[in-house]
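Colleague: There's a structure below that I have some questions on.
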Amino acid sequence: IINAASTVDSLVACLQRNKVLNYTTPSSSTSFNAVLDFSLQNLRFTEAGVSKPGSIILPSTTKEVQSAWACVRDGGWALRVRSGGHSYEGLSSTASTPFVIIDLMNMHAITVNVAKKFVWVESGIRLGELYFAIASASSNLLGLSAGTCATIGIGGHVMGGGYGLLSRKYGVAADNLLEAQVITANGTLIKKVSTSDPDLFWALRGGGGGAWGIVVAWKLKLVSVPSTVTFFNLRRTGKQAITDLVFKWQSVAPVADPELFIAVYMQAVISSGGVADMGATFYGQYWGTTNQTVALFSSIYPELGLTASDCKQGNWIQAVASVAWLAEPEALLNRQQTSRSFFKAKSDYVSTALTKQALAGAYDIMMNNTKGWMIFEPYGGLMSKIRSDEIAFPHRGGNLFMIQYQATWADDTDSPDNELIAWLRGLYSYMAPLVTYTPSRSTYVNYIDLDVGDSVSAGKSYFGSNFAKLVKIKARFDPSNIFNQPQSVPVSM
Ligand code: FDA
């Protein structure tokens, strides 16, 4: 049994002996809470009743990470590695036993190689600053396929897959991983995981965060992007209209050219007369001019009624900023999200198009709650050409789209958590007969959801038929399960 108070002292003594001097503890520093909350994206995990770490260590070099890890391990602490802190369940910032966070936010070096089309990054880099650096170095001709939110850390993101606007064209971020550097349980640094341990390299590409050691650096493939991109955003309201439009969307977005990405965000609205109705925002990008985009939509999706006034023409980094709801590309450099909220999320995959009746039923549930929303993101394109066992990320051919459901609230003064979470679970159970099973209900590990169950149940949902191989790799690589979180891949099934 750990006596946390005395152990913090011995941890600190160990850190100092090893010249790891950038750390904070609850009693030693007034900045402790600020550092803890800096990148904690889900405010549910900033609340007073949530477990807090004995220390947050902020290394600047790989050597410091190794020394810090030795002190944490030898002191008997559980470890939480944090890159961007965007875990939906706060899994990089909380634990059920005494724990320490190694927060990699100060390790954010980027080396872009334009000629050879790759980038080396340290784990604490945020997607926004990475996109900005790539666009600047390549005069807007190279990009990276990864998620849309600018403050996500590359560390957790690649290990879960990493889906975004370029995924139909170039796959998820994990498909574009070329190399990684990992610190193992005994503190050794593996400098070239791809050749020294190909199985571990396979697992790092979608096998989920918190299970595979401490990844300190990533080499990712850069992809060509055109000099002209059109990004669009248009709003529609009315339950019937949205039912019809989204029904049609299912036969357009997943089969369109991979250069076209159309997602749809749906949320209930209350009219000025106080009546609930549905609202939807269709957004995305196309690799062409505005005229070409409007012409394409009028041929494949005329019902949407996209016009030039719904579009903006620019370069790739402007499209990235726009989809991240930022006014200008420079805002991608902010390392902290300006607006954060309390939320709970769930996800599904859909392989058989939803009927209008099924959609209308979901909207009836949504119209009971304006704090809930749903996004449909199209698959298809390259996503369906890559084999589902090519890397650990399994969600490939056959999936038309992914659904993300969220209940989001801005303050906790009226403690709405349970009511909203119950509503979300209700929507998710309504959708149960309509979504993909392989054979467990398919779920995206980057939208981690503790409701999915223990590490075995969750593993089957997150990784489908890749789960058994992941368990074998885990048993060989980390047999004592030193790197773990409640849903990390276990050492046996
Ligand atoms: P965080 O630091 O919380 O890490 C997540 C997990 O990985 C934890 O278990 C952590 O311990 C582990 N981990 C992190 N760094 C590690 C390292 N270096 N070595 C070992 N383990 C490590 N996803 C998507 O695919 N597309 C999208 O567009 C979005 N959009 C989005 C928006 C917002 C607002 C949020 C909050 C999240 C998303 N996501 C997303 C989900 C996101 O991809 C997911 O939460 C990632 O795991 C976040 O990675 P971070 O490094 O930020 O998280």
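Quick note on naming: the chains in the structure tokens go A, B, ... in the order shown, residues restart at 1 in each chain, and ligands are numbered from 1 in order of appearance.
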Using 6 Å as the limit and counting only C-alpha atoms and all ligand atoms, can you tabulate each residue of chain A that touches ligand 1, with its shortest atom-to-atom distance in Å and the two atoms involved, as CSV?

Modeller:
```
residue,atom,partner,partner_atom_place_in_ligand_line,distance
A:Gln41,CA,ligand 1,36 (C),5.5
A:Arg80,CA,ligand 1,11 (O),5.0
A:Val81,CA,ligand 1,11 (O),4.2
A:Arg82,CA,ligand 1,2 (O),3.6
A:Ser83,CA,ligand 1,2 (O),3.7
A:Gly84,CA,ligand 1,52 (O),3.1
A:Gly85,CA,ligand 1,3 (O),3.3
A:His86,CA,ligand 1,52 (O),3.9
A:Ser87,CA,ligand 1,3 (O),3.6
A:Tyr88,CA,ligand 1,45 (O),5.5
A:Leu91,CA,ligand 1,9 (O),5.0
A:Ser92,CA,ligand 1,11 (O),4.1
A:Ser123,CA,ligand 1,18 (N),5.1
A:Gly147,CA,ligand 1,28 (O),3.5
A:Thr148,CA,ligand 1,28 (O),3.9
A:Cys149,CA,ligand 1,32 (C),4.6
A:Ile152,CA,ligand 1,52 (O),4.0
A:Gly153,CA,ligand 1,51 (O),3.6
A:Ile154,CA,ligand 1,51 (O),5.4
A:Gly155,CA,ligand 1,15 (N),3.9
A:Gly156,CA,ligand 1,49 (O),3.3
A:His157,CA,ligand 1,46 (C),3.9
A:Gly160,CA,ligand 1,47 (O),5.9
A:Gly162,CA,ligand 1,25 (O),3.6
A:Tyr163,CA,ligand 1,25 (O),3.8
A:Gly164,CA,ligand 1,28 (O),5.3
A:Gly209,CA,ligand 1,7 (O),3.3
A:Gly210,CA,ligand 1,21 (N),4.0
A:Gly213,CA,ligand 1,20 (C),5.5
A:Ile214,CA,ligand 1,19 (N),3.8
A:Val215,CA,ligand 1,19 (N),3.9
A:Val216,CA,ligand 1,18 (N),5.4
A:Asn446,CA,ligand 1,44 (C),4.3
A:Tyr447,CA,ligand 1,41 (C),5.5
```

Colleague: Could the residues in this selection be written to a file with C-alpha atoms, as a short mmCIF file (atom, residue, chain, number, x, y, z; two decimals), in the first residue's frame?

Modeller:
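Once written, result_2.cif looks like this:
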```cif
data_model
loop_
_atom_site.label_atom_id
_atom_site.label_comp_id
_atom_site.auth_asym_id
_atom_site.auth_seq_id
_atom_site.Cartn_x
_atom_site.Cartn_y
_atom_site.Cartn_z
CA GLN A 41 -10.11 18.81 -22.51
CA ARG A 80 -0.41 8.29 -16.94
CA VAL A 81 1.29 9.61 -20.08
CA ARG A 82 -0.30 12.76 -21.43
CA SER A 83 0.33 14.32 -24.83
CA GLY A 84 -2.63 16.56 -25.69
CA GLY A 85 -4.95 15.59 -22.81
CA HIS A 86 -7.94 15.10 -25.14
CA SER A 87 -8.91 11.64 -23.89
CA TYR A 88 -12.72 11.68 -23.79
CA LEU A 91 -7.63 8.70 -19.02
CA SER A 92 -4.36 10.62 -19.32
CA SER A 123 4.71 13.57 -28.81
CA GLY A 147 -8.06 14.94 -37.06
CA THR A 148 -9.79 18.30 -37.21
CA CYS A 149 -9.44 19.70 -33.68
CA ILE A 152 -5.31 17.32 -30.03
CA GLY A 153 -1.90 15.86 -29.13
CA ILE A 154 -0.23 13.70 -31.75
CA GLY A 155 0.65 11.13 -29.05
CA GLY A 156 -2.79 9.80 -28.16
CA HIS A 157 -4.22 10.58 -31.58
CA GLY A 160 -6.13 5.54 -31.78
CA GLY A 162 -6.69 9.70 -36.26
CA TYR A 163 -9.52 10.47 -38.66
CA GLY A 164 -10.01 13.74 -40.52
CA GLY A 209 -3.10 4.90 -26.06
CA GLY A 210 -1.69 4.06 -22.66
CA GLY A 213 5.10 2.23 -23.54
CA ILE A 214 5.89 5.92 -23.67
CA VAL A 215 6.09 7.08 -27.26
CA VAL A 216 8.38 10.10 -27.43
CA ASN A 446 -10.16 7.59 -30.05
CA TYR A 447 -13.72 8.36 -28.87
#
```

Colleague: Skip region 396-399 of chain A itself and residues of its chain fewer than 5 positions away, then list as a list in words all residues within 7 Å of it, counting only C-alpha atoms.

Modeller: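 Those residues are Tyr349, Val350, Ser351, Tyr379, Gly380, Met383, Ser384, Lys385, Ile386, Arg387 and Ser388 of chain A.
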
Colleague: Write out as a PDB file with C-alpha atoms, in the first residue's frame all residues of region 243-407 of chain A that DSSP puts in strand (DSSP E) for this structure's backbone.

Modeller:
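Below is the file that was written, result16.pdb:
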```pdb
ATOM      1  CA  LEU A 260     -14.576  15.446 -51.561  1.00  0.00           C
ATOM      2  CA  PHE A 261     -15.349  15.317 -47.855  1.00  0.00           C
ATOM      3  CA  ILE A 262     -18.849  16.125 -46.568  1.00  0.00           C
ATOM      4  CA  ALA A 263     -19.736  15.616 -42.914  1.00  0.00           C
ATOM      5  CA  VAL A 264     -23.000  16.487 -41.217  1.00  0.00           C
ATOM      6  CA  TYR A 265     -23.461  17.820 -37.690  1.00  0.00           C
ATOM      7  CA  MET A 266     -26.983  17.510 -36.254  1.00  0.00           C
ATOM      8  CA  GLN A 267     -28.447  19.128 -33.163  1.00  0.00           C
ATOM      9  CA  ALA A 268     -31.946  20.089 -32.030  1.00  0.00           C
ATOM     10  CA  VAL A 269     -32.941  23.752 -32.154  1.00  0.00           C
ATOM     11  CA  ILE A 270     -35.724  25.559 -30.344  1.00  0.00           C
ATOM     12  CA  ALA A 276     -38.154  21.853 -30.830  1.00  0.00           C
ATOM     13  CA  ASP A 277     -36.975  21.075 -34.343  1.00  0.00           C
ATOM     14  CA  MET A 278     -33.829  19.697 -35.964  1.00  0.00           C
ATOM     15  CA  GLY A 279     -30.888  21.697 -37.272  1.00  0.00           C
ATOM     16  CA  ALA A 280     -27.992  20.388 -39.354  1.00  0.00           C
ATOM     17  CA  THR A 281     -24.705  21.814 -40.627  1.00  0.00           C
ATOM     18  CA  PHE A 282     -23.154  20.228 -43.696  1.00  0.00           C
ATOM     19  CA  TYR A 283     -19.452  21.016 -43.888  1.00  0.00           C
ATOM     20  CA  GLY A 284     -16.323  19.840 -45.579  1.00  0.00           C
ATOM     21  CA  GLN A 285     -13.984  20.503 -48.447  1.00  0.00           C
ATOM     22  CA  TYR A 286     -13.351  19.759 -52.094  1.00  0.00           C
ATOM     23  CA  CYS A 311     -18.199  28.260 -49.973  1.00  0.00           C
ATOM     24  CA  LYS A 312     -14.792  29.815 -49.455  1.00  0.00           C
ATOM     25  CA  GLN A 313     -11.865  29.208 -51.747  1.00  0.00           C
ATOM     26  CA  GLY A 314      -8.353  29.151 -50.352  1.00  0.00           C
ATOM     27  CA  PHE A 342     -18.209  18.980 -19.885  1.00  0.00           C
ATOM     28  CA  PHE A 343     -19.096  16.084 -22.150  1.00  0.00           C
ATOM     29  CA  LYS A 344     -19.747  12.397 -22.638  1.00  0.00           C
ATOM     30  CA  ALA A 345     -19.432  10.752 -26.042  1.00  0.00           C
ATOM     31  CA  LYS A 346     -20.119   7.502 -27.846  1.00  0.00           C
ATOM     32  CA  SER A 347     -19.510   6.238 -31.364  1.00  0.00           C
ATOM     33  CA  ASP A 348     -20.768   3.753 -33.921  1.00  0.00           C
ATOM     34  CA  TYR A 349     -20.121   2.640 -37.472  1.00  0.00           C
ATOM     35  CA  VAL A 350     -22.839   2.191 -40.075  1.00  0.00           C
ATOM     36  CA  GLY A 372     -26.844  16.657 -27.457  1.00  0.00           C
ATOM     37  CA  TRP A 373     -25.486  16.338 -30.966  1.00  0.00           C
ATOM     38  CA  MET A 374     -24.480  13.788 -33.530  1.00  0.00           C
ATOM     39  CA  ILE A 375     -21.916  13.915 -36.378  1.00  0.00           C
ATOM     40  CA  PHE A 376     -21.855  11.585 -39.366  1.00  0.00           C
ATOM     41  CA  GLU A 377     -18.381  11.375 -40.968  1.00  0.00           C
ATOM     42  CA  PRO A 378     -18.016   9.594 -44.302  1.00  0.00           C
ATOM     43  CA  PHE A 401     -19.727   6.271 -42.114  1.00  0.00           C
ATOM     44  CA  MET A 402     -18.874   6.776 -38.471  1.00  0.00           C
ATOM     45  CA  ILE A 403     -21.268   8.338 -35.974  1.00  0.00           C
ATOM     46  CA  GLN A 404     -20.164  10.346 -32.993  1.00  0.00           C
ATOM     47  CA  TYR A 405     -22.795  11.157 -30.352  1.00  0.00           C
ATOM     48  CA  GLN A 406     -22.143  13.698 -27.630  1.00  0.00           C
ATOM     49  CA  ALA A 407     -23.927  15.352 -24.737  1.00  0.00           C
TER      50      ALA A 407
END
```

Colleague: What's the 7 Å shell around Thr24 (chain A), counting only C-alpha atoms, without same-chain residues fewer than 5 positions away, as a PyMOL selection string?

Modeller: chain A and resi 29+32+55-57

Colleague: In region 7-245 of chain A, what's helix (DSSP H, G or I) per DSSP? Answer as a PyMOL selection string?

Modeller: chain A and resi 7-17+32-38+43-46+62-74+127-137+154-160+167-170+173-176+193-196+198-204+239-245

Colleague: Compile the contact shell of Ser461 (chain A) as a list in words: residues with an atom at most 7 Å away, counting only C-alpha atoms, same-chain residues fewer than 4 positions apart removed.

Modeller: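 What passes the distance filter is Ser440, Arg441, Ser442, Thr443 and Ser457 of chain A.
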
Colleague: Go ahead and dump the residues you just picked, N, CA and C atoms, as a PDB file, in the first residue's frame.

Modeller:
```
ATOM      1  N   SER A 440     -18.673  -7.724 -32.070  1.00  0.00           N
ATOM      2  CA  SER A 440     -19.127  -6.754 -31.066  1.00  0.00           C
ATOM      3  C   SER A 440     -19.455  -5.435 -31.760  1.00  0.00           C
ATOM      4  N   ARG A 441     -20.180  -4.592 -31.081  1.00  0.00           N
ATOM      5  CA  ARG A 441     -20.589  -3.315 -31.677  1.00  0.00           C
ATOM      6  C   ARG A 441     -19.347  -2.461 -31.950  1.00  0.00           C
ATOM      7  N   SER A 442     -19.121  -2.089 -33.193  1.00  0.00           N
ATOM      8  CA  SER A 442     -17.887  -1.374 -33.567  1.00  0.00           C
ATOM      9  C   SER A 442     -17.864   0.027 -32.955  1.00  0.00           C
ATOM     10  N   THR A 443     -16.729   0.366 -32.379  1.00  0.00           N
ATOM     11  CA  THR A 443     -16.590   1.638 -31.661  1.00  0.00           C
ATOM     12  C   THR A 443     -15.191   2.171 -31.936  1.00  0.00           C
ATOM     13  N   SER A 457     -14.072  -6.621 -23.181  1.00  0.00           N
ATOM     14  CA  SER A 457     -15.257  -6.220 -23.966  1.00  0.00           C
ATOM     15  C   SER A 457     -14.923  -5.035 -24.853  1.00  0.00           C
TER      16      SER A 457
END
```

Colleague: Would you kindly return, as a list in words, each protein, DNA or RNA residue with an atom no farther than 8 Å from any atom of Tyr301 (chain A), considering only C-alpha atoms and excluding same-chain residues fewer than 5 positions away?

Modeller: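 Counting only the stated atoms, we get Lys248, Trp249, Val252 and Leu296 of chain A.
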
Colleague: Those residues with C-alpha atoms, as a CSV table (one decimal), in the first residue's frame please?

Modeller:
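Below is the file selection-v1.csv, written as the result:
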```csv
chain,number,residue,atom,x,y,z
A,248,LYS,CA,-29.5,11.1,-49.4
A,249,TRP,CA,-26.1,12.0,-47.9
A,252,VAL,CA,-23.3,10.5,-51.7
A,296,LEU,CA,-20.2,18.9,-58.5
```

Colleague: Taking only C-alpha atoms into account, name the residue in A:Trp77, A:Cys71, A:Arg340, A:Lys371 that is nearest to Thr46 (chain A).

Modeller: A:Arg340

Colleague: Determine, counting only C-alpha atoms, which protein, DNA and RNA residues have an atom within 12 Å of an atom of region 180-188 of chain A; residues of the same chain fewer than 6 positions away are not included. Present the result as a PyMOL selection string.

Modeller: chain A and resi 62-74+79+81+119-123+154-155+158-159+174+194-198+200-205+210-220+474+476-484

Colleague: Which value, in Å to one decimal, gives the distance between CA of Thr7 (chain A) and CA of Ser28 (chain A)?

Modeller: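 These two atoms are separated by 13.8 Å.
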
Colleague: Have a look at CA of Val8 (chain A) and CA of Val35 (chain A) and let me know their distance in Å, one decimal.

Modeller: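 Going from CA of Val8 (chain A) over to CA of Val35 (chain A), I get 17.1 Å.
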